[in-house]
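J.: Shown below is the structure under consideration.
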Amino acid sequence: MDISAKIKKAARSDSPKRQRNTDFLLLTGIYLAILSIVSLIACFFYYRQRKESLLSNLDYIYVQLQQDYTDTLDNFWQLYMPLFEKNSGVYDALLRYYTAPADAGLSPLEKGSLSNALHQMLLRDNQVQWIALYAPARQVNYIMSNTGQSLYVLPEDFPYLPHLQNRKGGMEVYGMQTVSIGPDICNTFAFCGGIPAAMGDGRILVGYSASSLEEICRRGNQSQGLPSMSFLLTTPGIQGEPTLLFHSGGDYEECTQYLPTAPSRGYIAADTGESLYVRASFHGNSTSMLSYQVSRWEMLLYSHGNTPLILLIVFAFALFSICIQSILLKRIRKETDIIRGGLEQIGENHLEYRLPTDLRQNDFSVIAESINRMAANLNENIEKLYSYELKQKESELAELQSKFNPHFLYNSLEMLRSRCYQHGDGETAELISNLSGIFRGFIGSKTFVPLPEELAFARKYLTLFAARYRDQVRISYDIDSNVLQYGIIRNLFQPLVENYFVHGFETSNQEENYICIRGKSLNDRMLLFTVEDNGSGMSDEELHNLNEKLSEPVSLSGESYGLKNIHQRLRLFYGEDCGLTVIHGSPKGLIVQLRVLKLTCAEYEAKARSLSQSQARR
């Protein structure tokens, strides 16, 4: 598969798109999962904070109610204790009331004194609504309201009368009741206390308003809005069942709420099956139970009051983020489609096509520029390859033309050589034989030959020139014997010899013309061959220009075996360290130096087989 086909296949592949969609869905899922976890954690902490805030507020109201109730109880004792202070106006009035004969009525003076005593007691606490006196032996008992100084007869339907009649002793607390005193009607709970032993048998009952407790609950419950939340103050009734002293909702007639009988704090299941959060404990006289309760479900809804808003905000943020990400991804896809389309164009051998580089994504712009450079380089390499292949075809054609009908040339030369021998011209016949050998060497198929074979070929060539110029030239060789074991690429020395006879040989030279071929080992890996002559030579500038032009490309016209050809053949075959250099001779002429690597024919053939096998595997 060629490079263009690979690019085309990569550009049209759908797997990157599928992978991109999968990555997007995976990242979106991870993002939503993390966002969900964070939102749930935020909702949990918000729920806990709201719940703790609610319970803290309820506890605060609870403590205020406890304190208010304790203060009411303390005030009762302050109001009640004057009964035990002898020689006081209150004590004397009450003493006459409780110690008078049962059938004796109260004189106006005694009524006035009793009224004044009760009025003084009412002034001690503004929460006191009324005070009632009860003597079991009397047929008529009295009650006074805080709205005036008039005594009223205790009615037979007085709600606390059963409690007074069944009093067991000590201070007792009675539940909330509706009491009618003349024109006044009030809702009160009552504290009952006995009288000193010196006064005989009797009770004193004080009715208290729950307005202060109601005010505390009203202030504390303004921001809660929980219908089931209520504060209760209970005490054991006549038969031991809980009786309400106070109910924050004002429901005293038919209270269906849970009435705790023991201290508790936490969630409980009421008789109705409803789950409640309750706090209850004893206060005051250790028989009154103060408690509050709220529905667990309402507490949960209250604590999660803003949870839907939080989740809505998180959902909106997630939706906004996904939309933004989708928009950005769409833009990225648009630009990747541009790049993919460009790759398809290049993959269809439109190497002149260039991608736009003014993309929004800087990285994509860099990628587009890189692809454009790649296309330009690929186009250039293809043109170079085409030029190389064209030159190779021309070289092959030239070689085929040179090989055209070689047997005709060999047979003709062999016929001429035989004719020379028939006419007794052995020297000419030998020259013709050398010429035939030279032609065979020119069109030989081997690239790498043994060094003795290359030297023999050069000797044949020199023999022809020696026969032409007779005694005008001297040819010599100086080759180290240890060099002869190596091989060399063919047709190296012949162009140098020809170059000497064409450009350096002087027929008018008074001295003897000579050419010498030397060879020696330069180091462990390299051989040095020189072709030295005493020809006309070159100036320093000409020699400098010649050495510089050796690395220039060789044209196909007329430079097949020039110095450039030899230099570049050496560098291509042996490497950059090898090549040809021309220097001045001594005292004149030129010296051509050839540097080649030490390589035997066996080593060359082994490398050639390895390269052939490697190419076959590819």
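Ligands are numbered from 1 in the order shown, chains are lettered A, B, ... in the order of the structure tokens, and residues start at 1 in each chain.
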Near A:Leu484, counting only C-alpha atoms, which residues have an atom at most 8 Å away, once you skip same-chain residues fewer than 6 positions from it, shown as a ChimeraX atom specification?
T.: /A:450-452
J.: Convert the current residue selection to file output with N, CA and C atoms, as a PDB file, in the first residue's frame.
T.:
```
ATOM      1  N   PRO A 450      37.642  -7.987  -7.930  1.00  0.00           N
ATOM      2  CA  PRO A 450      38.912  -8.047  -7.200  1.00  0.00           C
ATOM      3  C   PRO A 450      39.866  -6.970  -7.708  1.00  0.00           C
ATOM      4  N   LEU A 451      40.721  -6.493  -6.827  1.00  0.00           N
ATOM      5  CA  LEU A 451      41.655  -5.426  -7.193  1.00  0.00           C
ATOM      6  C   LEU A 451      42.599  -5.858  -8.328  1.00  0.00           C
ATOM      7  N   PRO A 452      43.168  -7.089  -8.324  1.00  0.00           N
ATOM      8  CA  PRO A 452      44.036  -7.481  -9.450  1.00  0.00           C
ATOM      9  C   PRO A 452      43.305  -7.399 -10.790  1.00  0.00           C
TER      10      PRO A 452
END
```
J.: Considering only C-alpha atoms, return as an mmCIF file with N, CA and C atoms, in the first residue's frame whatever protein or nucleic-acid residues lie within 12 Å of A:Ser209, sequence-local ones (same chain, fewer than 3 positions apart) excluded.
T.:
```cif
data_model
loop_
_atom_site.group_PDB
_atom_site.id
_atom_site.type_symbol
_atom_site.label_atom_id
_atom_site.label_comp_id
_atom_site.auth_asym_id
_atom_site.auth_seq_id
_atom_site.Cartn_x
_atom_site.Cartn_y
_atom_site.Cartn_z
ATOM 1 N N ASP A 68 -39.616 30.109 82.276
ATOM 2 C CA ASP A 68 -40.841 30.829 82.600
ATOM 3 C C ASP A 68 -41.703 30.023 83.577
ATOM 4 N N TYR A 69 -41.793 28.745 83.344
ATOM 5 C CA TYR A 69 -42.583 27.911 84.242
ATOM 6 C C TYR A 69 -41.950 27.860 85.633
ATOM 7 N N THR A 72 -42.756 31.053 87.322
ATOM 8 C CA THR A 72 -44.158 31.045 87.774
ATOM 9 C C THR A 72 -44.300 30.264 89.075
ATOM 10 N N ASP A 125 -48.157 39.121 91.504
ATOM 11 C CA ASP A 125 -47.783 38.527 90.212
ATOM 12 C C ASP A 125 -48.874 38.847 89.205
ATOM 13 N N ASN A 126 -48.491 39.505 88.102
ATOM 14 C CA ASN A 126 -49.492 39.887 87.111
ATOM 15 C C ASN A 126 -49.974 38.699 86.276
ATOM 16 N N GLN A 127 -49.299 37.521 86.410
ATOM 17 C CA GLN A 127 -49.770 36.336 85.696
ATOM 18 C C GLN A 127 -50.931 35.650 86.431
ATOM 19 N N VAL A 128 -51.142 36.039 87.686
ATOM 20 C CA VAL A 128 -52.224 35.434 88.485
ATOM 21 C C VAL A 128 -53.556 36.004 88.002
ATOM 22 N N GLN A 129 -54.491 35.129 87.655
ATOM 23 C CA GLN A 129 -55.801 35.542 87.156
ATOM 24 C C GLN A 129 -56.860 35.529 88.255
ATOM 25 N N TRP A 130 -56.700 34.648 89.205
ATOM 26 C CA TRP A 130 -57.680 34.556 90.286
ATOM 27 C C TRP A 130 -57.069 33.771 91.449
ATOM 28 N N SER A 145 -61.150 37.622 91.295
ATOM 29 C CA SER A 145 -60.451 37.817 90.026
ATOM 30 C C SER A 145 -59.502 38.998 90.119
ATOM 31 N N ASN A 146 -58.499 39.038 89.239
ATOM 32 C CA ASN A 146 -57.546 40.159 89.254
ATOM 33 C C ASN A 146 -58.095 41.402 88.574
ATOM 34 N N GLY A 175 -54.435 21.071 85.647
ATOM 35 C CA GLY A 175 -54.383 21.416 84.240
ATOM 36 C C GLY A 175 -55.224 22.609 83.857
ATOM 37 N N MET A 176 -55.076 22.952 82.541
ATOM 38 C CA MET A 176 -55.761 24.122 81.994
ATOM 39 C C MET A 176 -57.276 23.882 81.992
ATOM 40 N N GLN A 177 -58.010 24.899 82.527
ATOM 41 C CA GLN A 177 -59.465 24.845 82.580
ATOM 42 C C GLN A 177 -60.015 26.244 82.283
ATOM 43 N N THR A 178 -61.275 26.255 81.859
ATOM 44 C CA THR A 178 -61.977 27.534 81.648
ATOM 45 C C THR A 178 -62.760 27.870 82.905
ATOM 46 N N VAL A 179 -62.447 29.024 83.490
ATOM 47 C CA VAL A 179 -63.026 29.428 84.774
ATOM 48 C C VAL A 179 -63.874 30.692 84.571
ATOM 49 N N ILE A 185 -64.331 35.458 82.133
ATOM 50 C CA ILE A 185 -64.061 34.074 81.761
ATOM 51 C C ILE A 185 -62.596 33.984 81.328
ATOM 52 N N CYS A 186 -61.864 33.093 81.904
ATOM 53 C CA CYS A 186 -60.440 32.988 81.586
ATOM 54 C C CYS A 186 -60.003 31.528 81.585
ATOM 55 N N ASN A 187 -58.965 31.263 80.794
ATOM 56 C CA ASN A 187 -58.342 29.940 80.733
ATOM 57 C C ASN A 187 -57.075 29.956 81.569
ATOM 58 N N THR A 188 -57.036 29.105 82.579
ATOM 59 C CA THR A 188 -55.893 29.115 83.491
ATOM 60 C C THR A 188 -55.544 27.693 83.906
ATOM 61 N N PHE A 189 -54.278 27.527 84.332
ATOM 62 C CA PHE A 189 -53.908 26.334 85.093
ATOM 63 C C PHE A 189 -53.677 26.798 86.521
ATOM 64 N N ALA A 190 -53.678 25.886 87.470
ATOM 65 C CA ALA A 190 -53.716 26.309 88.870
ATOM 66 C C ALA A 190 -52.701 25.559 89.710
ATOM 67 N N PHE A 191 -52.184 26.294 90.722
ATOM 68 C CA PHE A 191 -51.346 25.710 91.766
ATOM 69 C C PHE A 191 -52.174 25.661 93.059
ATOM 70 N N VAL A 206 -54.536 29.023 93.256
ATOM 71 C CA VAL A 206 -54.140 30.205 92.479
ATOM 72 C C VAL A 206 -54.177 29.833 90.999
ATOM 73 N N SER A 212 -47.788 34.242 78.977
ATOM 74 C CA SER A 212 -46.333 34.365 78.804
ATOM 75 C C SER A 212 -45.773 33.156 78.049
ATOM 76 N N LEU A 213 -46.305 31.974 78.354
ATOM 77 C CA LEU A 213 -45.859 30.782 77.625
ATOM 78 C C LEU A 213 -46.265 30.855 76.157
ATOM 79 N N GLU A 214 -47.500 31.370 75.929
ATOM 80 C CA GLU A 214 -47.956 31.508 74.549
ATOM 81 C C GLU A 214 -47.109 32.520 73.783
ATOM 82 N N GLU A 215 -46.704 33.592 74.440
ATOM 83 C CA GLU A 215 -45.870 34.602 73.793
ATOM 84 C C GLU A 215 -44.501 34.033 73.419
ATOM 85 N N LEU A 245 -51.299 21.300 81.195
ATOM 86 C CA LEU A 245 -51.178 22.628 81.792
ATOM 87 C C LEU A 245 -51.093 23.691 80.704
ATOM 88 N N PHE A 246 -50.395 23.318 79.645
ATOM 89 C CA PHE A 246 -50.199 24.284 78.558
ATOM 90 C C PHE A 246 -50.044 23.513 77.258
#
```
J.: Could you list, as a list in words, every residue within 10 Å of A:Lys51, counting only C-alpha atoms and ignoring same-chain residues fewer than 4 positions away?
T.: Phe45, Tyr46, Tyr47, Leu55, Ser56, Asn57, Met299, Leu300, Leu301, Tyr302, Ser303 and His304 of chain A
J.: Would you output that residue set with N, CA, C and O atoms, as an mmCIF file, in the first residue's frame?
T.:
```
data_model
loop_
_atom_site.group_PDB
_atom_site.id
_atom_site.type_symbol
_atom_site.label_atom_id
_atom_site.label_comp_id
_atom_site.auth_asym_id
_atom_site.auth_seq_id
_atom_site.Cartn_x
_atom_site.Cartn_y
_atom_site.Cartn_z
ATOM 1 N N PHE A 45 -25.250 18.220 53.837
ATOM 2 C CA PHE A 45 -24.785 19.191 54.831
ATOM 3 C C PHE A 45 -25.809 20.295 55.044
ATOM 4 O O PHE A 45 -25.960 20.792 56.169
ATOM 5 N N TYR A 46 -26.501 20.686 53.960
ATOM 6 C CA TYR A 46 -27.556 21.688 54.126
ATOM 7 C C TYR A 46 -28.684 21.118 54.981
ATOM 8 O O TYR A 46 -29.214 21.808 55.870
ATOM 9 N N TYR A 47 -29.059 19.858 54.725
ATOM 10 C CA TYR A 47 -30.098 19.203 55.522
ATOM 11 C C TYR A 47 -29.686 19.150 56.989
ATOM 12 O O TYR A 47 -30.492 19.470 57.887
ATOM 13 N N LEU A 55 -33.651 22.209 65.525
ATOM 14 C CA LEU A 55 -33.600 21.644 66.877
ATOM 15 C C LEU A 55 -33.017 22.645 67.865
ATOM 16 O O LEU A 55 -33.455 22.697 69.024
ATOM 17 N N SER A 56 -32.051 23.429 67.408
ATOM 18 C CA SER A 56 -31.486 24.451 68.293
ATOM 19 C C SER A 56 -32.534 25.489 68.670
ATOM 20 O O SER A 56 -32.621 25.917 69.834
ATOM 21 N N ASN A 57 -33.359 25.897 67.691
ATOM 22 C CA ASN A 57 -34.420 26.861 67.977
ATOM 23 C C ASN A 57 -35.472 26.260 68.911
ATOM 24 O O ASN A 57 -35.962 26.936 69.843
ATOM 25 N N MET A 299 -40.291 17.578 59.743
ATOM 26 C CA MET A 299 -38.909 17.970 59.998
ATOM 27 C C MET A 299 -38.039 17.673 58.780
ATOM 28 O O MET A 299 -37.168 18.482 58.402
ATOM 29 N N LEU A 300 -38.288 16.527 58.153
ATOM 30 C CA LEU A 300 -37.524 16.168 56.959
ATOM 31 C C LEU A 300 -37.799 17.156 55.830
ATOM 32 O O LEU A 300 -36.865 17.622 55.155
ATOM 33 N N LEU A 301 -39.087 17.504 55.634
ATOM 34 C CA LEU A 301 -39.422 18.463 54.579
ATOM 35 C C LEU A 301 -38.828 19.840 54.879
ATOM 36 O O LEU A 301 -38.344 20.534 53.976
ATOM 37 N N TYR A 302 -38.891 20.235 56.132
ATOM 38 C CA TYR A 302 -38.323 21.532 56.500
ATOM 39 C C TYR A 302 -36.808 21.549 56.294
ATOM 40 O O TYR A 302 -36.261 22.522 55.751
ATOM 41 N N SER A 303 -36.147 20.480 56.730
ATOM 42 C CA SER A 303 -34.684 20.423 56.600
ATOM 43 C C SER A 303 -34.261 20.390 55.147
ATOM 44 O O SER A 303 -33.175 20.865 54.799
ATOM 45 N N HIS A 304 -35.124 19.820 54.301
ATOM 46 C CA HIS A 304 -34.826 19.769 52.868
ATOM 47 C C HIS A 304 -35.574 20.875 52.128
ATOM 48 O O HIS A 304 -35.848 20.736 50.926
#
```
J.: Which distance in Å separates atom CA of A:Ala280 and atom CA of A:Ser264, to one decimal?
T.: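 For atom CA of A:Ala280 relative to atom CA of A:Ser264, the distance reads 5.2 Å.
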J.: Please measure the separation of atom CA of A:Glu110 and atom CA of A:Tyr208, giving the value in Å to one decimal.
T.: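 Taking atom CA of A:Glu110 and atom CA of A:Tyr208, their separation equals 26.0 Å.
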J.: So that I can check the secondary structure, give me every residue of stretch 62-268 of chain A assigned helix (DSSP H, G or I) by backbone DSSP, as a PyMOL selection string.
T.: chain A and resi 62-84+89-99+108-122+161-165+197-199+211-220
J.: If we count only C-alpha atoms and set the cut-off at 12 Å, which residues sit around stretch 538-554 of chain A, ignoring sequence neighbours fewer than 5 positions away in its own chain? Please answer as a VMD selection string.
T.: chain A and resid 391 503 to 504 559 to 572 576 579 to 585 588 to 593
J.: Can you spit out the residues from that selection as a short mmCIF file (atom, residue, chain, number, x, y, z; two decimals), in the first residue's frame, using N, CA and C atoms?
T.:
```
data_model
loop_
_atom_site.label_atom_id
_atom_site.label_comp_id
_atom_site.auth_asym_id
_atom_site.auth_seq_id
_atom_site.Cartn_x
_atom_site.Cartn_y
_atom_site.Cartn_z
N LYS A 391 15.96 9.43 -14.59
CA LYS A 391 17.40 9.33 -14.85
C LYS A 391 17.85 7.88 -14.87
N HIS A 503 44.39 15.44 -21.00
CA HIS A 503 44.63 16.81 -20.47
C HIS A 503 46.04 17.04 -19.98
N GLY A 504 46.78 15.97 -19.59
CA GLY A 504 48.10 16.20 -18.98
C GLY A 504 49.29 15.76 -19.80
N GLU A 559 29.48 13.23 -19.13
CA GLU A 559 30.28 13.14 -17.92
C GLU A 559 30.16 11.77 -17.29
N SER A 560 30.00 10.73 -18.09
CA SER A 560 29.76 9.41 -17.54
C SER A 560 30.92 8.92 -16.72
N TYR A 561 32.12 9.20 -17.17
CA TYR A 561 33.28 8.69 -16.44
C TYR A 561 34.24 9.81 -16.09
N GLY A 562 33.78 10.99 -15.83
CA GLY A 562 34.62 12.08 -15.39
C GLY A 562 34.99 11.94 -13.92
N LEU A 563 35.76 12.93 -13.46
CA LEU A 563 36.19 12.92 -12.06
C LEU A 563 34.98 12.99 -11.12
N LYS A 564 33.95 13.78 -11.50
CA LYS A 564 32.75 13.87 -10.67
C LYS A 564 32.10 12.49 -10.53
N ASN A 565 32.03 11.79 -11.65
CA ASN A 565 31.42 10.47 -11.64
C ASN A 565 32.14 9.54 -10.67
N ILE A 566 33.46 9.54 -10.72
CA ILE A 566 34.25 8.67 -9.84
C ILE A 566 34.04 9.05 -8.37
N HIS A 567 34.12 10.37 -8.09
CA HIS A 567 33.98 10.84 -6.71
C HIS A 567 32.62 10.45 -6.12
N GLN A 568 31.56 10.67 -6.88
CA GLN A 568 30.23 10.38 -6.35
C GLN A 568 29.95 8.88 -6.29
N ARG A 569 30.52 8.10 -7.23
CA ARG A 569 30.39 6.65 -7.14
C ARG A 569 31.05 6.13 -5.86
N LEU A 570 32.23 6.66 -5.53
CA LEU A 570 32.92 6.23 -4.31
C LEU A 570 32.11 6.58 -3.06
N ARG A 571 31.54 7.80 -3.01
CA ARG A 571 30.78 8.22 -1.83
C ARG A 571 29.48 7.43 -1.70
N LEU A 572 28.82 7.14 -2.82
CA LEU A 572 27.58 6.38 -2.77
C LEU A 572 27.83 4.94 -2.33
N GLU A 576 30.43 8.58 3.14
CA GLU A 576 30.89 9.97 3.08
C GLU A 576 32.38 10.12 3.34
N GLY A 579 36.19 8.94 -1.20
CA GLY A 579 36.00 9.84 -2.33
C GLY A 579 37.31 10.11 -3.04
N LEU A 580 37.30 11.17 -3.83
CA LEU A 580 38.43 11.53 -4.69
C LEU A 580 38.90 12.93 -4.35
N THR A 581 40.22 13.12 -4.34
CA THR A 581 40.83 14.43 -4.11
C THR A 581 41.99 14.61 -5.08
N VAL A 582 42.14 15.82 -5.63
CA VAL A 582 43.22 16.14 -6.58
C VAL A 582 44.15 17.14 -5.91
N ILE A 583 45.46 16.81 -5.91
CA ILE A 583 46.46 17.71 -5.31
C ILE A 583 47.60 17.92 -6.31
N HIS A 584 48.45 18.88 -6.02
CA HIS A 584 49.62 19.15 -6.87
C HIS A 584 50.63 18.02 -6.74
N GLY A 585 51.27 17.70 -7.88
CA GLY A 585 52.35 16.72 -7.88
C GLY A 585 53.69 17.39 -7.59
N LYS A 588 55.89 18.75 -10.61
CA LYS A 588 54.75 19.29 -11.35
C LYS A 588 53.76 18.14 -11.59
N GLY A 589 52.74 18.44 -12.35
CA GLY A 589 51.72 17.43 -12.59
C GLY A 589 50.68 17.40 -11.47
N LEU A 590 49.91 16.34 -11.48
CA LEU A 590 48.83 16.18 -10.50
C LEU A 590 48.88 14.80 -9.87
N ILE A 591 48.32 14.74 -8.66
CA ILE A 591 48.16 13.47 -7.97
C ILE A 591 46.68 13.32 -7.62
N VAL A 592 46.05 12.25 -8.15
CA VAL A 592 44.65 11.96 -7.86
C VAL A 592 44.62 10.88 -6.77
N GLN A 593 44.00 11.23 -5.62
CA GLN A 593 43.92 10.31 -4.48
C GLN A 593 42.53 9.69 -4.39
#
```
J.: Which one is closest to A:Ser321: A:Glu241, A:Ser211, A:Tyr31, A:Leu25? Count only C-alpha atoms.
T.: A:Tyr31
